[in-house]
>>> print(open('data.csv').read())   # CSV, C-alpha atoms and all ligand atoms
chain,number,residue,atom,x,y,z
A,1,MET,CA,9.5,-14.4,14.2
A,2,PHE,CA,10.9,-15.5,17.5
A,3,ARG,CA,10.6,-19.3,17.8
A,4,ALA,CA,10.0,-21.0,21.1
A,5,PRO,CA,12.9,-23.2,22.2
A,6,MET,CA,12.6,-26.8,21.2
A,7,ALA,CA,14.3,-28.1,24.4
A,8,TYR,CA,14.2,-26.7,27.9
A,9,ALA,CA,15.7,-27.7,31.2
A,10,GLY,CA,15.9,-25.3,34.0
A,11,ASP,CA,16.2,-24.8,37.8
A,12,LEU,CA,13.0,-22.8,37.6
A,13,SER,CA,9.9,-22.9,35.3
A,14,GLN,CA,9.9,-20.4,32.5
A,15,ALA,CA,7.2,-18.4,34.4
A,16,GLU,CA,9.4,-18.3,37.5
A,17,PHE,CA,12.3,-17.1,35.5
A,18,ASP,CA,10.2,-14.4,33.9
A,19,GLU,CA,9.2,-13.1,37.4
A,20,LEU,CA,12.9,-13.2,38.5
A,21,LEU,CA,14.1,-11.3,35.4
A,22,ASP,CA,11.4,-8.7,35.7
A,23,ARG,CA,12.3,-7.7,39.3
A,24,ARG,CA,13.8,-4.3,39.8
A,25,GLY,CA,17.0,-3.4,41.7
A,26,GLY,CA,20.6,-4.5,41.5
A,27,PRO,CA,23.0,-5.9,42.0
A,28,ALA,CA,22.4,-8.7,39.5
A,29,VAL,CA,24.3,-10.8,37.0
A,30,VAL,CA,23.2,-12.8,33.9
A,31,VAL,CA,25.5,-15.0,31.9
A,32,HIS,CA,25.2,-17.1,28.8
A,33,GLY,CA,27.2,-20.0,27.6
A,34,GLY,CA,26.3,-19.6,24.0
A,35,ALA,CA,23.3,-20.3,21.8
A,36,GLY,CA,24.8,-23.4,20.2
A,37,THR,CA,24.4,-25.8,23.1
A,38,ARG,CA,23.6,-29.1,21.5
A,39,VAL,CA,20.2,-30.6,22.2
A,40,ASP,CA,21.7,-34.0,22.7
A,41,ALA,CA,24.4,-32.8,25.1
A,42,ASP,CA,24.2,-33.6,28.9
A,43,PRO,CA,23.1,-30.2,30.3
A,44,THR,CA,24.8,-30.8,33.7
A,45,PRO,CA,28.1,-29.1,32.9
A,46,TYR,CA,26.3,-26.1,31.3
A,47,PHE,CA,24.2,-25.7,34.4
A,48,GLU,CA,27.2,-25.9,36.7
A,49,GLY,CA,29.5,-23.6,34.6
A,50,THR,CA,26.9,-20.8,34.1
A,51,ARG,CA,25.9,-20.9,37.8
A,52,ARG,CA,29.5,-20.7,38.9
A,53,ALA,CA,30.1,-17.8,36.5
A,54,ALA,CA,27.1,-15.8,37.6
A,55,GLU,CA,27.9,-16.4,41.3
A,56,ALA,CA,31.5,-15.2,40.7
A,57,GLY,CA,30.1,-12.0,39.1
A,58,LEU,CA,27.7,-11.3,42.0
A,59,ARG,CA,30.5,-11.9,44.6
A,60,VAL,CA,32.5,-9.1,42.9
A,61,LEU,CA,29.5,-6.7,43.1
A,62,LEU,CA,28.7,-7.5,46.7
A,63,GLY,CA,32.4,-7.0,47.5
A,64,GLY,CA,32.2,-3.4,46.1
A,65,GLY,CA,33.6,-4.1,42.6
A,66,SER,CA,32.2,-2.4,39.6
A,67,ALA,CA,29.7,-3.9,37.1
A,68,LEU,CA,32.6,-4.2,34.6
A,69,ASP,CA,34.7,-6.1,37.2
A,70,ALA,CA,31.7,-8.4,37.8
A,71,ALA,CA,31.1,-9.1,34.1
A,72,GLN,CA,34.9,-9.8,33.6
A,73,ALA,CA,35.0,-12.2,36.6
A,74,ALA,CA,32.0,-14.1,35.2
A,75,ALA,CA,33.6,-14.2,31.8
A,76,ILE,CA,36.9,-15.6,33.1
A,77,VAL,CA,35.1,-18.5,34.8
A,78,LEU,CA,33.5,-19.5,31.5
A,79,GLU,CA,36.7,-18.9,29.5
A,80,ASP,CA,38.4,-21.3,31.8
A,81,ASP,CA,35.7,-23.9,31.7
A,82,PRO,CA,36.4,-26.4,28.8
A,83,HIS,CA,32.7,-27.0,28.1
A,84,PHE,CA,32.3,-23.5,26.6
A,85,ASN,CA,33.5,-22.1,23.3
A,86,ALA,CA,35.9,-19.4,24.7
A,87,GLY,CA,39.4,-19.5,26.1
A,88,THR,CA,40.2,-23.1,27.0
A,89,GLY,CA,37.9,-25.4,24.9
A,90,ALA,CA,37.4,-22.9,22.1
A,91,ALA,CA,36.3,-24.1,18.7
A,92,LEU,CA,39.1,-24.7,16.1
A,93,THR,CA,39.6,-22.9,12.8
A,94,SER,CA,39.8,-24.9,9.5
A,95,ASN,CA,43.6,-24.9,10.1
A,96,GLY,CA,43.0,-26.8,13.3
A,97,ASP,CA,44.1,-24.1,15.7
A,98,VAL,CA,42.4,-21.6,18.0
A,99,GLU,CA,41.7,-17.9,17.3
A,100,LEU,CA,40.0,-16.0,20.1
A,101,ASP,CA,37.9,-12.8,20.1
A,102,ALA,CA,36.7,-10.9,23.2
A,103,SER,CA,35.3,-7.5,24.2
A,104,CYS,CA,34.0,-5.6,27.2
A,105,MET,CA,32.2,-2.3,27.8
A,106,ASP,CA,31.5,-0.1,30.8
A,107,GLY,CA,28.1,1.6,30.7
A,108,THR,CA,29.0,4.5,32.9
A,109,THR,CA,31.9,5.9,30.9
A,110,LEU,CA,31.2,4.1,27.5
A,111,ARG,CA,34.8,2.9,27.8
A,112,ALA,CA,35.2,-0.3,25.7
A,113,GLY,CA,38.0,-2.7,24.8
A,114,ALA,CA,38.3,-5.7,22.5
A,115,VAL,CA,40.8,-8.1,21.0
A,116,ALA,CA,40.4,-10.2,17.9
A,117,CYS,CA,42.2,-13.1,16.4
A,118,VAL,CA,44.5,-13.7,19.4
A,119,LYS,CA,46.0,-17.2,19.6
A,120,ASN,CA,48.1,-17.3,22.8
A,121,LEU,CA,46.0,-15.9,25.6
A,122,LYS,CA,44.3,-18.0,28.2
A,123,ASN,CA,41.9,-15.2,29.0
A,124,PRO,CA,41.4,-12.8,26.1
A,125,ILE,CA,38.8,-10.9,28.2
A,126,LEU,CA,41.7,-9.7,30.3
A,127,ALA,CA,43.5,-8.3,27.3
A,128,ALA,CA,40.2,-6.6,26.2
A,129,ARG,CA,40.0,-5.0,29.6
A,130,ARG,CA,43.5,-3.7,29.3
A,131,VAL,CA,42.7,-2.2,25.9
A,132,CYS,CA,39.7,-0.6,27.6
A,133,ASP,CA,41.6,0.8,30.6
A,134,ASP,CA,45.1,1.5,29.4
A,135,THR,CA,44.9,2.6,25.7
A,136,PRO,CA,43.0,5.2,23.7
A,137,HIS,CA,41.9,2.3,21.4
A,138,VAL,CA,38.8,0.1,21.3
A,139,LEU,CA,39.8,-2.9,19.2
A,140,MET,CA,43.2,-4.5,18.7
A,141,CYS,CA,43.9,-7.6,16.7
A,142,GLY,CA,46.3,-10.4,15.9
A,143,PRO,CA,50.0,-10.2,16.8
A,144,GLY,CA,49.7,-6.5,17.8
A,145,ALA,CA,47.1,-7.4,20.4
A,146,GLU,CA,49.2,-10.3,21.6
A,147,ALA,CA,52.3,-8.0,22.0
A,148,PHE,CA,50.2,-5.5,23.9
A,149,ALA,CA,48.9,-8.2,26.2
A,150,ARG,CA,52.5,-9.4,26.8
A,151,GLU,CA,53.5,-5.8,27.7
A,152,SER,CA,50.6,-5.6,30.0
A,153,GLY,CA,51.8,-8.7,31.9
A,154,ILE,CA,49.0,-11.0,30.7
A,155,ALA,CA,50.3,-14.6,30.7
A,156,GLU,CA,50.7,-16.2,27.3
A,157,ILE,CA,50.1,-19.9,26.7
A,158,PRO,CA,50.8,-22.1,23.7
A,159,ASN,CA,47.8,-22.4,21.3
A,160,SER,CA,47.8,-26.1,21.8
A,161,ALA,CA,47.1,-25.7,25.5
A,162,LEU,CA,43.7,-24.1,24.6
A,163,ILE,CA,42.6,-27.1,22.6
A,164,THR,CA,40.6,-29.8,24.3
A,165,PRO,CA,40.2,-33.4,23.1
A,166,ARG,CA,36.5,-32.7,22.6
A,167,GLN,CA,37.1,-29.8,20.2
A,168,ARG,CA,39.9,-31.7,18.4
A,169,ALA,CA,37.4,-34.6,17.8
A,170,ARG,CA,34.7,-32.2,16.6
A,171,TRP,CA,37.3,-30.6,14.2
A,172,GLN,CA,38.1,-34.0,12.9
A,173,GLU,CA,34.4,-34.7,12.2
A,174,LEU,CA,33.9,-31.4,10.5
A,175,HIS,CA,37.1,-31.7,8.5
A,176,GLU,CA,36.0,-35.0,7.1
A,177,GLN,CA,32.5,-33.4,6.3
A,178,ALA,CA,34.2,-30.4,4.8
A,179,GLN,CA,36.2,-32.6,2.5
A,180,ARG,CA,33.0,-34.3,1.3
A,181,GLU,CA,30.6,-31.3,1.1
A,182,GLY,CA,32.8,-28.2,1.2
A,183,ALA,CA,33.9,-26.0,4.1
A,184,ASP,CA,31.0,-23.6,4.1
A,185,SER,CA,28.6,-26.5,4.9
A,186,VAL,CA,30.2,-26.9,8.3
A,187,ARG,CA,30.9,-23.3,9.4
A,188,ARG,CA,27.7,-22.4,11.2
A,189,LYS,CA,28.1,-24.3,14.4
A,190,LEU,CA,27.9,-21.9,17.3
A,191,GLY,CA,29.1,-21.1,20.8
A,192,THR,CA,30.3,-18.1,22.9
A,193,ILE,CA,30.2,-16.9,26.5
A,194,GLY,CA,29.0,-13.6,27.8
A,195,ALA,CA,28.0,-11.8,31.0
A,196,VAL,CA,26.1,-8.6,31.8
A,197,ALA,CA,26.0,-7.0,35.3
A,198,VAL,CA,24.1,-4.2,37.0
A,199,ASP,CA,25.2,-2.8,40.4
A,200,GLY,CA,22.9,-1.3,43.0
A,201,ARG,CA,23.3,2.2,41.6
A,202,GLY,CA,22.2,1.7,38.0
A,203,HIS,CA,25.7,1.1,36.5
A,204,VAL,CA,25.8,-1.6,33.8
A,205,ALA,CA,28.5,-3.5,32.0
A,206,ALA,CA,28.9,-6.4,29.5
A,207,ALA,CA,31.7,-8.8,28.5
A,208,THR,CA,31.7,-11.4,25.7
A,209,SER,CA,34.3,-13.9,24.6
A,210,THR,CA,34.5,-16.6,21.9
A,211,GLY,CA,36.5,-19.0,19.8
A,212,GLY,CA,34.0,-18.1,17.0
A,213,THR,CA,32.2,-20.4,14.7
A,214,MET,CA,33.5,-23.9,14.3
A,215,TYR,CA,35.8,-24.5,11.3
A,216,LYS,CA,35.9,-20.8,10.6
A,217,ARG,CA,38.4,-19.5,8.0
A,218,PRO,CA,41.6,-18.3,9.7
A,219,GLY,CA,41.3,-14.6,10.1
A,220,ARG,CA,37.5,-14.6,10.2
A,221,VAL,CA,36.1,-12.3,12.9
A,222,GLY,CA,32.5,-12.4,14.0
A,223,ASP,CA,30.4,-10.1,16.2
A,224,THR,CA,32.0,-10.8,19.6
A,225,PRO,CA,34.7,-8.2,19.6
A,226,ILE,CA,32.6,-5.6,17.8
A,227,ILE,CA,31.1,-3.0,20.1
A,228,GLY,CA,27.4,-2.6,19.3
A,229,ALA,CA,27.1,-6.1,17.8
A,230,GLY,CA,28.6,-8.6,20.3
A,231,THR,CA,28.7,-6.4,23.4
A,232,TYR,CA,27.2,-3.0,24.4
A,233,ALA,CA,26.7,-1.1,27.6
A,234,ASP,CA,25.4,2.3,28.4
A,235,ASP,CA,23.8,3.3,31.8
A,236,HIS,CA,21.3,5.4,29.8
A,237,GLU,CA,20.2,2.3,27.9
A,238,ALA,CA,21.2,-1.2,29.1
A,239,ALA,CA,24.0,-3.8,28.8
A,240,ALA,CA,23.9,-6.7,26.4
A,241,SER,CA,25.9,-9.6,25.2
A,242,SER,CA,25.1,-11.5,22.0
A,243,THR,CA,25.7,-15.1,20.8
A,244,GLY,CA,24.9,-16.7,17.5
A,245,LEU,CA,25.9,-16.4,13.9
A,246,GLY,CA,28.3,-13.5,14.0
A,247,GLU,CA,27.8,-12.6,10.3
A,248,ALA,CA,24.1,-12.0,11.0
A,249,ILE,CA,24.5,-10.3,14.4
A,250,LEU,CA,26.9,-7.8,12.8
A,251,LYS,CA,24.4,-6.8,10.2
A,252,VAL,CA,21.8,-5.8,12.7
A,253,SER,CA,24.1,-4.5,15.4
A,254,MET,CA,22.2,-6.7,17.7
A,255,ALA,CA,23.6,-5.7,21.2
A,256,ARG,CA,23.0,-2.0,20.6
A,257,ALA,CA,19.6,-2.7,18.9
A,258,ALA,CA,18.5,-4.4,22.2
A,259,CYS,CA,19.8,-1.6,24.4
A,260,VAL,CA,18.1,1.1,22.4
A,261,ARG,CA,14.8,-0.6,22.9
A,262,VAL,CA,15.3,-0.5,26.7
A,263,ARG,CA,16.2,3.2,26.5
A,264,ASP,CA,12.9,3.7,24.6
A,265,GLY,CA,10.8,2.0,27.3
A,266,ALA,CA,10.8,-1.7,26.6
A,267,SER,CA,11.5,-4.1,29.4
A,268,PRO,CA,14.9,-6.0,29.0
A,269,ARG,CA,12.9,-9.2,28.5
A,270,SER,CA,10.9,-7.8,25.6
A,271,ALA,CA,13.9,-6.0,24.2
A,272,ALA,CA,15.7,-9.3,24.1
A,273,VAL,CA,12.8,-11.0,22.2
A,274,ALA,CA,12.7,-8.0,19.8
A,275,ALA,CA,16.4,-8.1,19.1
A,276,VAL,CA,16.3,-11.8,18.4
A,277,GLY,CA,13.3,-11.2,16.1
A,278,LEU,CA,15.3,-8.5,14.3
A,279,LEU,CA,18.1,-11.0,13.8
A,280,ARG,CA,15.8,-13.6,12.4
A,281,GLU,CA,13.7,-11.2,10.2
A,282,ARG,CA,16.4,-8.9,8.8
A,283,ALA,CA,19.4,-11.2,8.7
A,284,GLN,CA,18.0,-14.7,8.7
A,285,GLY,CA,20.2,-15.3,11.7
A,286,GLU,CA,20.1,-17.7,14.7
A,287,GLY,CA,21.3,-16.6,18.1
A,288,GLY,CA,20.5,-15.2,21.4
A,289,ILE,CA,21.1,-12.3,23.8
A,290,ILE,CA,21.2,-11.4,27.5
A,291,ILE,CA,20.4,-8.0,28.8
A,292,ALA,CA,20.7,-6.1,32.1
A,293,GLY,CA,18.9,-2.8,32.5
A,294,PRO,CA,20.0,0.0,34.8
A,295,ASP,CA,16.9,-0.4,36.9
A,296,GLY,CA,17.9,-4.0,37.6
A,297,ARG,CA,15.4,-5.7,35.3
A,298,LEU,CA,17.0,-8.4,33.2
A,299,GLY,CA,16.2,-10.3,30.0
A,300,TRP,CA,17.2,-13.1,27.7
A,301,ALA,CA,15.9,-14.6,24.4
A,302,TYR,CA,17.2,-16.9,21.7
A,303,ASN,CA,15.9,-18.7,18.6
A,304,THR,CA,18.2,-21.7,18.6
A,305,PRO,CA,17.1,-25.0,20.2
A,306,ARG,CA,19.1,-24.2,23.3
A,307,MET,CA,21.1,-21.3,25.0
A,308,SER,CA,22.7,-22.1,28.3
A,309,ARG,CA,22.3,-19.2,30.8
A,310,ALA,CA,22.1,-18.3,34.4
A,311,VAL,CA,20.9,-15.5,36.6
A,312,ILE,CA,21.6,-14.3,40.1
A,313,ARG,CA,20.4,-11.4,42.2
A,314,ALA,CA,21.5,-10.1,45.5
A,315,GLY,CA,19.8,-12.1,48.2
A,316,MET,CA,19.9,-15.4,46.3
A,317,ASN,CA,22.1,-18.1,47.7
A,318,SER,CA,22.8,-19.6,44.3
A,319,ALA,CA,22.4,-18.8,40.7
A,320,LYS,CA,19.5,-20.3,38.7
A,321,ALA,CA,20.4,-21.9,35.4
A,322,ALA,CA,18.6,-23.1,32.3
A,323,VAL,CA,19.5,-24.5,28.9
A,401,LIG,N1,28.9,-15.0,17.8
A,401,LIG,C1,30.1,-15.9,17.7
A,401,LIG,C2,30.8,-15.7,16.4
A,401,LIG,O1,30.1,-15.5,15.4
A,401,LIG,C3,29.7,-17.3,17.8
A,401,LIG,C4,28.6,-17.7,18.7
A,401,LIG,O2,28.1,-16.9,19.5
A,401,LIG,O3,28.1,-18.8,18.7
A,401,LIG,O4,32.0,-15.6,16.4
>>> encode(input="data.csv", output="structure tokens", more="lines below")
Ligand code: ASP
Amino acid sequence: MFRAPMAYAGDLSQAEFDELLDRRGGPAVVVHGGAGTRVDADPTPYFEGTRRAAEAGLRVLLGGGSALDAAQAAAIVLEDDPHFNAGTGAALTSNGDVELDASCMDGTTLRAGAVACVKNLKNPILAARRVCDDTPHVLMCGPGAEAFARESGIAEIPNSALITPRQRARWQELHEQAQREGADSVRRKLGTIGAVAVDGRGHVAAATSTGGTMYKRPGRVGDTPIIGAGTYADDHEAAASSTGLGEAILKVSMARAACVRVRDGASPRSAAVAAVGLLRERAQGEGGIIIAGPDGRLGWAYNTPRMSRAVIRAGMNSAKAAV
């Protein structure tokens, strides 16, 4: 069953957040900074990063951009923020380098795009968007995806430029532990970023981006670039972005499972709780999810100690964050 979080710090009380999430009418944006936020970490950068991302997304919507443009804008802010496990600051593989996955989906057209195992892109969400807009494909991986990104004019950067001193130090710790206890003992540490957006006309979209689980095997791909697991959006259902143990999220197609519940009448908030319950009960997984419904109601839930997240609606001066 869904477990109550063991730690909570927020701009609003949980009851105030519930009221804000349950309101109807877009535009609105929800973001997450991953379900792996450490309980002992200073929450300040997570508050600031998720607020900035949600606000960037809402600016796009208020400026007439689409829900997909808004989700992408929010994702870029979090990819560029070294505190989050995506883009710059991503977790390292057991080889000590970075492999990134990202995906996005537009709920109006069901257009979707994703990249997996890319090593040289500062913003893999931009490459996912190009796959979505410019190709007949949904998912591209590895060197082929990188070549496509290059052809699309997306700037490449060296893998080493994505690695922060903090992630290098964590890799060193995990590497030493892996040598003592085996690599599988250290591979479950989490982190990802995601955004969902709804405009004023009931169009929804989602974007998700990650460095994956820490110390993952090179070539390992989790839920993040998989449509239906890490990301899903359909104006007839809802938009969702997942975070948590990818191997478990994949088994229950968590993002789609949540969206289907909204289609069938659940509020996004209860659909989020149900999806995380499914993750726990059927796949023994830990993680979280954010949801935006076409009527503007929003939801989030998680069963890890912390999930950094923020929400903003039209009419609010600033996003409200919690961790
Ligand atoms: N879902 C991501 C993965 O398994 C990691 C995370 O969200 O923490 O790659």
>>> residues_near_ligand(input="data.csv", ligand="ligand LIG 401 (chain A)", cutoff="6 Å", atoms="only C-alpha atoms and all ligand atoms", output="PyMOL selection string")
chain A and resi 34-36+190-192+212-213+222-224+243-246
>>> atom_distance(input="data.csv", atom1="atom CA of Gly194 of chain A", atom2="atom CA of Arg217 of chain A")
22.7 Å
>>> atom_distance(input="data.csv", atom1="atom CA of Asp69 of chain A", atom2="atom CA of Lys122 of chain A")
17.7 Å
>>> residues_around(input="data.csv", residues="Ile125 of chain A", least_positions_apart="5", cutoff="12 Å", atoms="all atoms listed in the file", output="PyMOL selection string")
chain A and resi 68-69+71-80+86-87+100-105+112-116+118+130-132+145+149+154+193-195+206-211+224-225
>>> residues_around(input="data.csv", residues="Val29 of chain A", least_positions_apart="6", cutoff="6 Å", atoms="all atoms listed in the file", output="mmCIF file with C-alpha atoms, in the frame of the given file")
data_model
loop_
_atom_site.group_PDB
_atom_site.id
_atom_site.type_symbol
_atom_site.label_atom_id
_atom_site.label_comp_id
_atom_site.auth_asym_id
_atom_site.auth_seq_id
_atom_site.Cartn_x
_atom_site.Cartn_y
_atom_site.Cartn_z
ATOM 1 C CA ALA A 54 27.100 -15.800 37.600
ATOM 2 C CA VAL A 196 26.100 -8.600 31.800
ATOM 3 C CA ALA A 197 26.000 -7.000 35.300
ATOM 4 C CA VAL A 311 20.900 -15.500 36.600
ATOM 5 C CA ILE A 312 21.600 -14.300 40.100
#
>>> closest_residue(input="data.csv", among="A:Glu19, A:Asp264, A:Asp106, A:Glu237", to="Ser66 of chain A", atoms="all atoms listed in the file")
A:Asp106
>>> closest_residue(input="data.csv", among="A:Val98, A:Val138, A:Ala67, A:Ala147", to="Ile227 of chain A", atoms="all atoms listed in the file")
A:Val138
>>> residues_around(input="data.csv", residues="Arg280 of chain A", least_positions_apart="6", cutoff="12 Å", atoms="all atoms listed in the file", output="list in words")
Met1, Phe2, Arg3, Gly244, Leu245, Ala248, Ile249, Lys251, Val252, Met254, Val273, Ala274, Glu286, Gly287, Gly288, Tyr302, Asn303 and Thr304 of chain A
>>> atom_distance(input="data.csv", atom1="atom CA of Met214 of chain A", atom2="atom CA of Ala169 of chain A")
11.9 Å
>>> closest_residue(input="data.csv", among="A:Gly299, A:Gly142, A:Gly265, A:Gly200", to="Arg220 of chain A", atoms="all atoms listed in the file")
A:Gly142
>>> closest_residue(input="data.csv", among="A:Gly293, A:Thr50, A:Tyr215, A:Gln14", to="Asp184 of chain A", atoms="all atoms listed in the file")
A:Tyr215
